[in-house]
Amino acid sequence: MVNTQSTTERPRDGGIGSLLDGRAVGAIGVGGLAVLSALAAIVGVTWKLLAISWVAFAAMAVGAPLGARSARRQRPLEAVWGYGLASGAMVTSAALFLVPQALGQHGRFGSLGIAVGFLAGYVGHTLGHRLTHLDLPVDHTAAALTVHALAAGAIIGAIYTAMPSLTSVLGVALVSHKAPAGYAAARRLADDGRSTVALLLPAAAVGLIALPVGMTGFDPSPVVRGLLFGVAAGVFLHVAVDLLPECSAGSESCPVDGEDHHRRDSLRSHAAISSVLGAVAVVGAWVGVAF
């Protein structure tokens, strides 16, 4: 979970090297998606895959600047509300849209994939801390979101080509988990002094895999589909849970002594309320288009 510390004393490594790395990673995402979209249009791949790829990209790309702007203000209460709303929306979106898709492909292997993805996200996060002393352009949240999008893109490319039409429910599913993820990941990157431009890669990752799969006509078995969609759902669910704000004892914004003890408890209340409201917003959007 997110430790909602004040960013005023956090080490920032946002030098020229880090900025260039972020721009390079982002350019790979945008450039690759643009080239693949052009190729897909030439070979006659269904417009539905193009629409899904670019809606997913736009949703995360819109959420990211909002998170970066919020981080620059360095307000603990705003951080709690930002992370709470985003993570609550992400958890609920995963439960409403990603998990059912995985289980719908294959019950047992979809379930296995969810467990594998969730644990892979945890292991990657935990082992990634061993590299924190190095100035690498890799953030574990951005990396996990990229893995999620790549795995989901493989299945989207295989099965959404056959869909008769795009639905408003699909649009809500994409926006409700891509936009909050972009916001929360950008906020974390900005807090650490890293360039948020790197998030253009996970934003484009759905299309980077879905379009080539759609062009080749690859049709995996239900077992493979369930496993891949499950991994995507599990990784995303781990990211969502990891981003839930936690005001633990000893954190800079929630000290335990004196009058600040009341402030820590107050931030905890705000964290709980904001996460629930994020969930309610996704449910409301889903009910509005599905019924």
# chains A, B, ... in the order shown; residues from 1 in each chain; ligands from 1

call {"tool": "residues_around", "arguments": {"residues": "A:Ala89", "least_positions_apart": "6", "cutoff": "7 Å", "atoms": "only C-alpha atoms", "output": "ChimeraX atom specification"}}
result
/A:176-177,180,278-279,282

call {"tool": "residues_around", "arguments": {"residues": "A:Ala185", "least_positions_apart": "6", "cutoff": "9 Å", "atoms": "only C-alpha atoms", "output": "list in words"}}
result
Ala64, Gly67, Ala68, Asp139, Thr141, Ala142, Leu145, Thr196, Leu199 and Leu243 of chain A

call {"tool": "write_last_selection", "arguments": {"atoms": "N, CA and C atoms", "output": "PDB file, in the first residue's frame"}}
result
ATOM      1  N   ALA A  64      -2.499  10.580 -16.437  1.00  0.00           N
ATOM      2  CA  ALA A  64      -1.130  10.800 -15.981  1.00  0.00           C
ATOM      3  C   ALA A  64      -0.809  12.259 -15.644  1.00  0.00           C
ATOM      4  N   GLY A  67      -2.121  13.282 -12.235  1.00  0.00           N
ATOM      5  CA  GLY A  67      -1.345  12.774 -11.119  1.00  0.00           C
ATOM      6  C   GLY A  67      -0.059  13.542 -10.910  1.00  0.00           C
ATOM      7  N   ALA A  68       0.626  13.878 -12.004  1.00  0.00           N
ATOM      8  CA  ALA A  68       1.870  14.639 -11.893  1.00  0.00           C
ATOM      9  C   ALA A  68       1.625  16.029 -11.318  1.00  0.00           C
ATOM     10  N   ASP A 139      10.341   2.065 -13.053  1.00  0.00           N
ATOM     11  CA  ASP A 139       9.518   2.133 -11.854  1.00  0.00           C
ATOM     12  C   ASP A 139       8.667   0.885 -11.805  1.00  0.00           C
ATOM     13  N   THR A 141       5.785   0.213 -10.565  1.00  0.00           N
ATOM     14  CA  THR A 141       4.375   0.384 -10.899  1.00  0.00           C
ATOM     15  C   THR A 141       4.180   0.482 -12.404  1.00  0.00           C
ATOM     16  N   ALA A 142       5.000   1.287 -13.063  1.00  0.00           N
ATOM     17  CA  ALA A 142       4.903   1.409 -14.516  1.00  0.00           C
ATOM     18  C   ALA A 142       5.216   0.084 -15.193  1.00  0.00           C
ATOM     19  N   LEU A 145       2.203  -2.266 -14.769  1.00  0.00           N
ATOM     20  CA  LEU A 145       1.097  -1.877 -15.646  1.00  0.00           C
ATOM     21  C   LEU A 145       1.385  -2.255 -17.100  1.00  0.00           C
ATOM     22  N   THR A 196       7.248  11.363 -16.005  1.00  0.00           N
ATOM     23  CA  THR A 196       6.002  10.617 -16.210  1.00  0.00           C
ATOM     24  C   THR A 196       5.778  10.282 -17.676  1.00  0.00           C
ATOM     25  N   LEU A 199       5.223   6.665 -18.890  1.00  0.00           N
ATOM     26  CA  LEU A 199       3.941   5.975 -18.808  1.00  0.00           C
ATOM     27  C   LEU A 199       3.264   5.844 -20.170  1.00  0.00           C
ATOM     28  N   LEU A 243      -1.465   0.486  -4.299  1.00  0.00           N
ATOM     29  CA  LEU A 243      -1.641   1.935  -4.325  1.00  0.00           C
ATOM     30  C   LEU A 243      -2.641   2.440  -3.294  1.00  0.00           C
TER      31      LEU A 243
END

call {"tool": "closest_atom_pairs", "arguments": {"of": "stretch 165-267 of chain A", "to": "stretch 30-51 of chain A", "cutoff": "12 Å", "atoms": "only C-alpha atoms", "output": "tab-separated table"}}
result
residue	atom	partner	partner_atom	distance
A:Ser165	CA	A:Lys48	CA	7.4
A:Leu166	CA	A:Lys48	CA	6.7
A:Thr167	CA	A:Lys48	CA	10.3
A:Leu170	CA	A:Ala51	CA	10.9
A:Gly171	CA	A:Ala51	CA	9.9
A:Leu174	CA	A:Ala51	CA	11.1
A:Val197	CA	A:Val30	CA	10.4
A:Ala198	CA	A:Val30	CA	10.2
A:Leu199	CA	A:Val30	CA	10.2
A:Leu200	CA	A:Val30	CA	6.5
A:Leu201	CA	A:Val30	CA	7.0
A:Pro202	CA	A:Val30	CA	9.9
A:Ala203	CA	A:Val30	CA	8.6
A:Ala204	CA	A:Leu33	CA	6.1
A:Ala205	CA	A:Leu33	CA	8.0
A:Val206	CA	A:Leu33	CA	9.1
A:Gly207	CA	A:Leu33	CA	6.1
A:Leu208	CA	A:Leu33	CA	5.7
A:Ile209	CA	A:Leu33	CA	9.3
A:Ala210	CA	A:Leu49	CA	7.0
A:Leu211	CA	A:Leu49	CA	6.6
A:Pro212	CA	A:Leu36	CA	7.3
A:Val213	CA	A:Val45	CA	10.0
A:Gly214	CA	A:Val45	CA	6.6
A:Met215	CA	A:Val45	CA	6.0
A:Thr216	CA	A:Val45	CA	9.5
A:Gly217	CA	A:Val45	CA	9.5

call {"tool": "select_by_dssp", "arguments": {"residues": "stretch 91-199 of chain A", "states": "helix (DSSP H, G or I)", "output": "JSON list (two decimals) with N, CA and C atoms, in the first residue's frame"}}
result
[["chain", "number", "residue", "atom", "x", "y", "z"],
["A", 91, "VAL", "N", -9.46, -1.27, -8.04],
["A", 91, "VAL", "CA", -9.86, -2.55, -7.44],
["A", 91, "VAL", "C", -11.24, -2.95, -7.95],
["A", 92, "THR", "N", -12.17, -2.00, -7.97],
["A", 92, "THR", "CA", -13.53, -2.30, -8.40],
["A", 92, "THR", "C", -13.59, -2.62, -9.90],
["A", 93, "SER", "N", -12.83, -1.89, -10.69],
["A", 93, "SER", "CA", -12.78, -2.16, -12.12],
["A", 93, "SER", "C", -12.23, -3.55, -12.40],
["A", 94, "ALA", "N", -11.20, -3.93, -11.65],
["A", 94, "ALA", "CA", -10.64, -5.28, -11.81],
["A", 94, "ALA", "C", -11.69, -6.34, -11.48],
["A", 95, "ALA", "N", -12.44, -6.11, -10.40],
["A", 95, "ALA", "CA", -13.45, -7.09, -9.98],
["A", 95, "ALA", "C", -14.62, -7.15, -10.96],
["A", 96, "LEU", "N", -15.02, -6.01, -11.52],
["A", 96, "LEU", "CA", -16.18, -5.96, -12.41],
["A", 96, "LEU", "C", -15.87, -6.41, -13.83],
["A", 97, "PHE", "N", -14.66, -6.10, -14.32],
["A", 97, "PHE", "CA", -14.38, -6.30, -15.73],
["A", 97, "PHE", "C", -13.25, -7.30, -16.01],
["A", 98, "LEU", "N", -12.14, -7.22, -15.28],
["A", 98, "LEU", "CA", -10.99, -8.04, -15.62],
["A", 98, "LEU", "C", -11.13, -9.48, -15.14],
["A", 99, "VAL", "N", -11.51, -9.65, -13.87],
["A", 99, "VAL", "CA", -11.65, -11.00, -13.31],
["A", 99, "VAL", "C", -12.72, -11.81, -14.04],
["A", 100, "PRO", "N", -13.92, -11.25, -14.29],
["A", 100, "PRO", "CA", -14.92, -12.04, -15.04],
["A", 100, "PRO", "C", -14.45, -12.43, -16.43],
["A", 101, "GLN", "N", -13.68, -11.56, -17.10],
["A", 101, "GLN", "CA", -13.17, -11.91, -18.42],
["A", 101, "GLN", "C", -12.22, -13.09, -18.34],
["A", 102, "ALA", "N", -11.35, -13.10, -17.33],
["A", 102, "ALA", "CA", -10.41, -14.20, -17.16],
["A", 102, "ALA", "C", -11.15, -15.51, -16.89],
["A", 103, "LEU", "N", -12.11, -15.48, -15.98],
["A", 103, "LEU", "CA", -12.86, -16.68, -15.64],
["A", 103, "LEU", "C", -13.76, -17.12, -16.79],
["A", 104, "GLY", "N", -14.21, -16.16, -17.60],
["A", 104, "GLY", "CA", -15.04, -16.50, -18.74],
["A", 104, "GLY", "C", -14.28, -17.25, -19.82],
["A", 105, "GLN", "N", -12.98, -17.00, -19.93],
["A", 105, "GLN", "CA", -12.17, -17.73, -20.90],
["A", 105, "GLN", "C", -11.94, -19.17, -20.46],
["A", 107, "GLY", "N", -12.34, -21.22, -16.47],
["A", 107, "GLY", "CA", -12.53, -21.05, -15.03],
["A", 107, "GLY", "C", -11.29, -21.33, -14.21],
["A", 108, "ARG", "N", -10.73, -22.54, -14.33],
["A", 108, "ARG", "CA", -9.61, -22.93, -13.47],
["A", 108, "ARG", "C", -8.32, -22.21, -13.87],
["A", 109, "PHE", "N", -8.01, -22.20, -15.16],
["A", 109, "PHE", "CA", -6.76, -21.56, -15.57],
["A", 109, "PHE", "C", -6.86, -20.03, -15.49],
["A", 110, "GLY", "N", -8.08, -19.50, -15.62],
["A", 110, "GLY", "CA", -8.24, -18.08, -15.36],
["A", 110, "GLY", "C", -7.96, -17.75, -13.91],
["A", 111, "SER", "N", -8.45, -18.60, -13.00],
["A", 111, "SER", "CA", -8.19, -18.42, -11.58],
["A", 111, "SER", "C", -6.71, -18.56, -11.27],
["A", 112, "LEU", "N", -6.08, -19.56, -11.89],
["A", 112, "LEU", "CA", -4.64, -19.75, -11.69],
["A", 112, "LEU", "C", -3.87, -18.53, -12.18],
["A", 113, "GLY", "N", -4.27, -18.01, -13.33],
["A", 113, "GLY", "CA", -3.59, -16.83, -13.86],
["A", 113, "GLY", "C", -3.70, -15.63, -12.93],
["A", 114, "ILE", "N", -4.87, -15.45, -12.30],
["A", 114, "ILE", "CA", -5.04, -14.34, -11.35],
["A", 114, "ILE", "C", -4.05, -14.48, -10.19],
["A", 115, "ALA", "N", -3.94, -15.70, -9.66],
["A", 115, "ALA", "CA", -3.00, -15.93, -8.55],
["A", 115, "ALA", "C", -1.57, -15.70, -9.00],
["A", 116, "VAL", "N", -1.22, -16.21, -10.19],
["A", 116, "VAL", "CA", 0.14, -16.03, -10.71],
["A", 116, "VAL", "C", 0.44, -14.55, -10.92],
["A", 117, "GLY", "N", -0.50, -13.82, -11.52],
["A", 117, "GLY", "CA", -0.29, -12.41, -11.77],
["A", 117, "GLY", "C", -0.15, -11.60, -10.50],
["A", 118, "PHE", "N", -1.00, -11.89, -9.52],
["A", 118, "PHE", "CA", -0.95, -11.14, -8.26],
["A", 118, "PHE", "C", 0.38, -11.39, -7.55],
["A", 119, "LEU", "N", 0.79, -12.66, -7.47],
["A", 119, "LEU", "CA", 2.05, -12.98, -6.80],
["A", 119, "LEU", "C", 3.25, -12.47, -7.60],
["A", 120, "ALA", "N", 3.16, -12.51, -8.93],
["A", 120, "ALA", "CA", 4.25, -11.98, -9.75],
["A", 120, "ALA", "C", 4.42, -10.48, -9.52],
["A", 121, "GLY", "N", 3.28, -9.77, -9.37],
["A", 121, "GLY", "CA", 3.37, -8.35, -9.06],
["A", 121, "GLY", "C", 4.03, -8.11, -7.72],
["A", 122, "TYR", "N", 3.68, -8.92, -6.73],
["A", 122, "TYR", "CA", 4.29, -8.78, -5.40],
["A", 122, "TYR", "C", 5.78, -9.09, -5.45],
["A", 123, "VAL", "N", 6.15, -10.20, -6.09],
["A", 123, "VAL", "CA", 7.56, -10.59, -6.16],
["A", 123, "VAL", "C", 8.37, -9.53, -6.90],
["A", 124, "GLY", "N", 7.83, -9.05, -8.03],
["A", 124, "GLY", "CA", 8.54, -8.01, -8.77],
["A", 124, "GLY", "C", 8.71, -6.74, -7.96],
["A", 125, "HIS", "N", 7.69, -6.37, -7.21],
["A", 125, "HIS", "CA", 7.75, -5.19, -6.36],
["A", 125, "HIS", "C", 8.80, -5.38, -5.27],
["A", 126, "THR", "N", 8.77, -6.54, -4.60],
["A", 126, "THR", "CA", 9.68, -6.79, -3.49],
["A", 126, "THR", "C", 11.13, -6.85, -3.95],
["A", 127, "LEU", "N", 11.39, -7.63, -5.00],
["A", 127, "LEU", "CA", 12.76, -7.75, -5.48],
["A", 127, "LEU", "C", 13.23, -6.45, -6.13],
["A", 128, "GLY", "N", 12.29, -5.68, -6.67],
["A", 128, "GLY", "CA", 12.67, -4.42, -7.29],
["A", 128, "GLY", "C", 13.30, -3.44, -6.34],
["A", 129, "HIS", "N", 12.97, -3.55, -5.03],
["A", 129, "HIS", "CA", 13.57, -2.66, -4.05],
["A", 129, "HIS", "C", 15.07, -2.86, -3.92],
["A", 130, "ARG", "N", 15.57, -4.01, -4.35],
["A", 130, "ARG", "CA", 17.01, -4.26, -4.29],
["A", 130, "ARG", "C", 17.77, -3.39, -5.30],
["A", 131, "LEU", "N", 17.03, -2.86, -6.28],
["A", 131, "LEU", "CA", 17.67, -2.04, -7.31],
["A", 131, "LEU", "C", 17.46, -0.55, -7.08],
["A", 140, "HIS", "N", 8.57, 0.25, -10.63],
["A", 140, "HIS", "CA", 7.89, -1.05, -10.57],
["A", 140, "HIS", "C", 6.41, -0.93, -10.91],
["A", 141, "THR", "N", 5.78, 0.21, -10.56],
["A", 141, "THR", "CA", 4.37, 0.38, -10.90],
["A", 141, "THR", "C", 4.18, 0.48, -12.40],
["A", 142, "ALA", "N", 5.00, 1.29, -13.06],
["A", 142, "ALA", "CA", 4.90, 1.41, -14.52],
["A", 142, "ALA", "C", 5.22, 0.08, -15.19],
["A", 143, "ALA", "N", 6.22, -0.65, -14.67],
["A", 143, "ALA", "CA", 6.56, -1.94, -15.25],
["A", 143, "ALA", "C", 5.42, -2.94, -15.10],
["A", 144, "ALA", "N", 4.79, -2.95, -13.92],
["A", 144, "ALA", "CA", 3.68, -3.88, -13.70],
["A", 144, "ALA", "C", 2.50, -3.55, -14.59],
["A", 145, "LEU", "N", 2.20, -2.27, -14.77],
["A", 145, "LEU", "CA", 1.10, -1.88, -15.65],
["A", 145, "LEU", "C", 1.39, -2.26, -17.10],
["A", 146, "THR", "N", 2.67, -2.20, -17.49],
["A", 146, "THR", "CA", 3.03, -2.61, -18.85],
["A", 146, "THR", "C", 2.80, -4.09, -19.04],
["A", 147, "VAL", "N", 3.22, -4.90, -18.04],
["A", 147, "VAL", "CA", 3.00, -6.35, -18.11],
["A", 147, "VAL", "C", 1.51, -6.65, -18.20],
["A", 148, "HIS", "N", 0.73, -5.98, -17.38],
["A", 148, "HIS", "CA", -0.72, -6.16, -17.41],
["A", 148, "HIS", "C", -1.29, -5.87, -18.80],
["A", 149, "ALA", "N", -0.90, -4.75, -19.37],
["A", 149, "ALA", "CA", -1.44, -4.33, -20.65],
["A", 149, "ALA", "C", -0.99, -5.26, -21.78],
["A", 150, "LEU", "N", 0.25, -5.73, -21.73],
["A", 150, "LEU", "CA", 0.73, -6.64, -22.76],
["A", 150, "LEU", "C", -0.03, -7.96, -22.73],
["A", 151, "ALA", "N", -0.24, -8.50, -21.52],
["A", 151, "ALA", "CA", -0.97, -9.76, -21.40],
["A", 151, "ALA", "C", -2.42, -9.59, -21.86],
["A", 152, "ALA", "N", -3.04, -8.49, -21.45],
["A", 152, "ALA", "CA", -4.42, -8.24, -21.87],
["A", 152, "ALA", "C", -4.50, -8.01, -23.37],
["A", 153, "GLY", "N", -3.50, -7.32, -23.92],
["A", 153, "GLY", "CA", -3.50, -7.03, -25.35],
["A", 153, "GLY", "C", -3.45, -8.28, -26.20],
["A", 154, "ALA", "N", -2.74, -9.31, -25.73],
["A", 154, "ALA", "CA", -2.66, -10.56, -26.49],
["A", 154, "ALA", "C", -4.04, -11.19, -26.66],
["A", 155, "ILE", "N", -4.85, -11.15, -25.61],
["A", 155, "ILE", "CA", -6.18, -11.74, -25.68],
["A", 155, "ILE", "C", -7.14, -10.83, -26.43],
["A", 156, "ILE", "N", -7.01, -9.52, -26.20],
["A", 156, "ILE", "CA", -7.88, -8.59, -26.92],
["A", 156, "ILE", "C", -7.71, -8.73, -28.42],
["A", 157, "GLY", "N", -6.46, -8.87, -28.86],
["A", 157, "GLY", "CA", -6.20, -9.04, -30.28],
["A", 157, "GLY", "C", -6.80, -10.31, -30.84],
["A", 158, "ALA", "N", -6.90, -11.34, -29.99],
["A", 158, "ALA", "CA", -7.39, -12.63, -30.46],
["A", 158, "ALA", "C", -8.92, -12.71, -30.47],
["A", 159, "ILE", "N", -9.57, -12.09, -29.48],
["A", 159, "ILE", "CA", -11.02, -12.32, -29.35],
["A", 159, "ILE", "C", -11.88, -11.12, -29.75],
["A", 160, "TYR", "N", -11.36, -9.90, -29.65],
["A", 160, "TYR", "CA", -12.21, -8.75, -29.94],
["A", 160, "TYR", "C", -12.38, -8.51, -31.43],
["A", 161, "THR", "N", -11.53, -9.14, -32.24],
["A", 161, "THR", "CA", -11.71, -9.04, -33.68],
["A", 161, "THR", "C", -13.04, -9.63, -34.10],
["A", 162, "ALA", "N", -13.46, -10.67, -33.38],
["A", 162, "ALA", "CA", -14.70, -11.36, -33.74],
["A", 162, "ALA", "C", -15.95, -10.71, -33.15],
["A", 168, "SER", "N", -20.70, 0.30, -24.94],
["A", 168, "SER", "CA", -20.39, 1.32, -23.95],
["A", 168, "SER", "C", -19.79, 0.69, -22.69],
["A", 169, "VAL", "N", -20.17, -0.56, -22.39],
["A", 169, "VAL", "CA", -19.60, -1.25, -21.23],
["A", 169, "VAL", "C", -18.11, -1.43, -21.41],
["A", 170, "LEU", "N", -17.69, -1.78, -22.64],
["A", 170, "LEU", "CA", -16.26, -1.92, -22.90],
["A", 170, "LEU", "C", -15.54, -0.59, -22.70],
["A", 171, "GLY", "N", -16.17, 0.50, -23.13],
["A", 171, "GLY", "CA", -15.56, 1.81, -22.92],
["A", 171, "GLY", "C", -15.40, 2.13, -21.46],
["A", 172, "VAL", "N", -16.42, 1.85, -20.66],
["A", 172, "VAL", "CA", -16.33, 2.08, -19.21],
["A", 172, "VAL", "C", -15.24, 1.20, -18.61],
["A", 173, "ALA", "N", -15.15, -0.06, -19.08],
["A", 173, "ALA", "CA", -14.13, -0.97, -18.56],
["A", 173, "ALA", "C", -12.73, -0.42, -18.82],
["A", 174, "LEU", "N", -12.50, 0.08, -20.02],
["A", 174, "LEU", "CA", -11.17, 0.61, -20.36],
["A", 174, "LEU", "C", -10.85, 1.87, -19.56],
["A", 175, "VAL", "N", -11.77, 2.82, -19.58],
["A", 175, "VAL", "CA", -11.50, 4.11, -18.94],
["A", 175, "VAL", "C", -11.40, 3.96, -17.43],
["A", 176, "SER", "N", -12.26, 3.10, -16.83],
["A", 176, "SER", "CA", -12.32, 3.01, -15.37],
["A", 176, "SER", "C", -11.09, 2.37, -14.76],
["A", 177, "HIS", "N", -10.30, 1.65, -15.55],
["A", 177, "HIS", "CA", -9.07, 1.14, -14.94],
["A", 177, "HIS", "C", -7.81, 1.77, -15.54],
["A", 178, "LYS", "N", -7.88, 2.27, -16.77],
["A", 178, "LYS", "CA", -6.70, 2.91, -17.36],
["A", 178, "LYS", "C", -6.47, 4.33, -16.81],
["A", 179, "ALA", "N", -7.53, 5.13, -16.72],
["A", 179, "ALA", "CA", -7.36, 6.51, -16.25],
["A", 179, "ALA", "C", -6.89, 6.58, -14.80],
["A", 180, "PRO", "N", -7.52, 5.86, -13.85],
["A", 180, "PRO", "CA", -7.01, 5.88, -12.47],
["A", 180, "PRO", "C", -5.59, 5.34, -12.36],
["A", 181, "ALA", "N", -5.28, 4.30, -13.16],
["A", 181, "ALA", "CA", -3.92, 3.76, -13.12],
["A", 181, "ALA", "C", -2.91, 4.80, -13.60],
["A", 182, "GLY", "N", -3.28, 5.53, -14.65],
["A", 182, "GLY", "CA", -2.38, 6.58, -15.14],
["A", 182, "GLY", "C", -2.16, 7.66, -14.10],
["A", 183, "TYR", "N", -3.24, 8.06, -13.42],
["A", 183, "TYR", "CA", -3.12, 9.08, -12.37],
["A", 183, "TYR", "C", -2.20, 8.61, -11.25],
["A", 184, "ALA", "N", -2.48, 7.42, -10.70],
["A", 184, "ALA", "CA", -1.72, 6.95, -9.54],
["A", 184, "ALA", "C", -0.27, 6.67, -9.88],
["A", 185, "ALA", "N", -0.03, 6.06, -11.04],
["A", 185, "ALA", "CA", 1.35, 5.77, -11.43],
["A", 185, "ALA", "C", 2.13, 7.05, -11.68],
["A", 186, "ALA", "N", 1.49, 8.04, -12.30],
["A", 186, "ALA", "CA", 2.16, 9.31, -12.56],
["A", 186, "ALA", "C", 2.48, 10.02, -11.25],
["A", 187, "ARG", "N", 1.57, 9.96, -10.31],
["A", 187, "ARG", "CA", 1.82, 10.60, -9.02],
["A", 187, "ARG", "C", 3.02, 9.97, -8.34],
["A", 188, "ARG", "N", 3.11, 8.64, -8.38],
["A", 188, "ARG", "CA", 4.24, 7.95, -7.75],
["A", 188, "ARG", "C", 5.54, 8.30, -8.45],
["A", 189, "LEU", "N", 5.54, 8.33, -9.78],
["A", 189, "LEU", "CA", 6.75, 8.69, -10.52],
["A", 189, "LEU", "C", 7.16, 10.13, -10.20],
["A", 190, "ALA", "N", 6.20, 11.05, -10.18],
["A", 190, "ALA", "CA", 6.51, 12.45, -9.89],
["A", 190, "ALA", "C", 7.01, 12.61, -8.46],
["A", 191, "ASP", "N", 6.45, 11.87, -7.52],
["A", 191, "ASP", "CA", 6.93, 11.91, -6.14],
["A", 191, "ASP", "C", 8.41, 11.52, -6.05],
["A", 196, "THR", "N", 7.25, 11.36, -16.00],
["A", 196, "THR", "CA", 6.00, 10.62, -16.21],
["A", 196, "THR", "C", 5.78, 10.28, -17.68],
["A", 197, "VAL", "N", 6.63, 10.79, -18.56],
["A", 197, "VAL", "CA", 6.50, 10.48, -19.99],
["A", 197, "VAL", "C", 6.65, 8.99, -20.23],
["A", 198, "ALA", "N", 7.39, 8.30, -19.34],
["A", 198, "ALA", "CA", 7.59, 6.86, -19.50],
["A", 198, "ALA", "C", 6.28, 6.09, -19.46],
["A", 199, "LEU", "N", 5.22, 6.67, -18.89],
["A", 199, "LEU", "CA", 3.94, 5.98, -18.81],
["A", 199, "LEU", "C", 3.26, 5.84, -20.17]]

call {"tool": "closest_residue", "arguments": {"among": "A:Val287, A:Val239, A:Val231, A:Leu77", "to": "A:Ser274", "atoms": "only C-alpha atoms"}}
result
A:Leu77
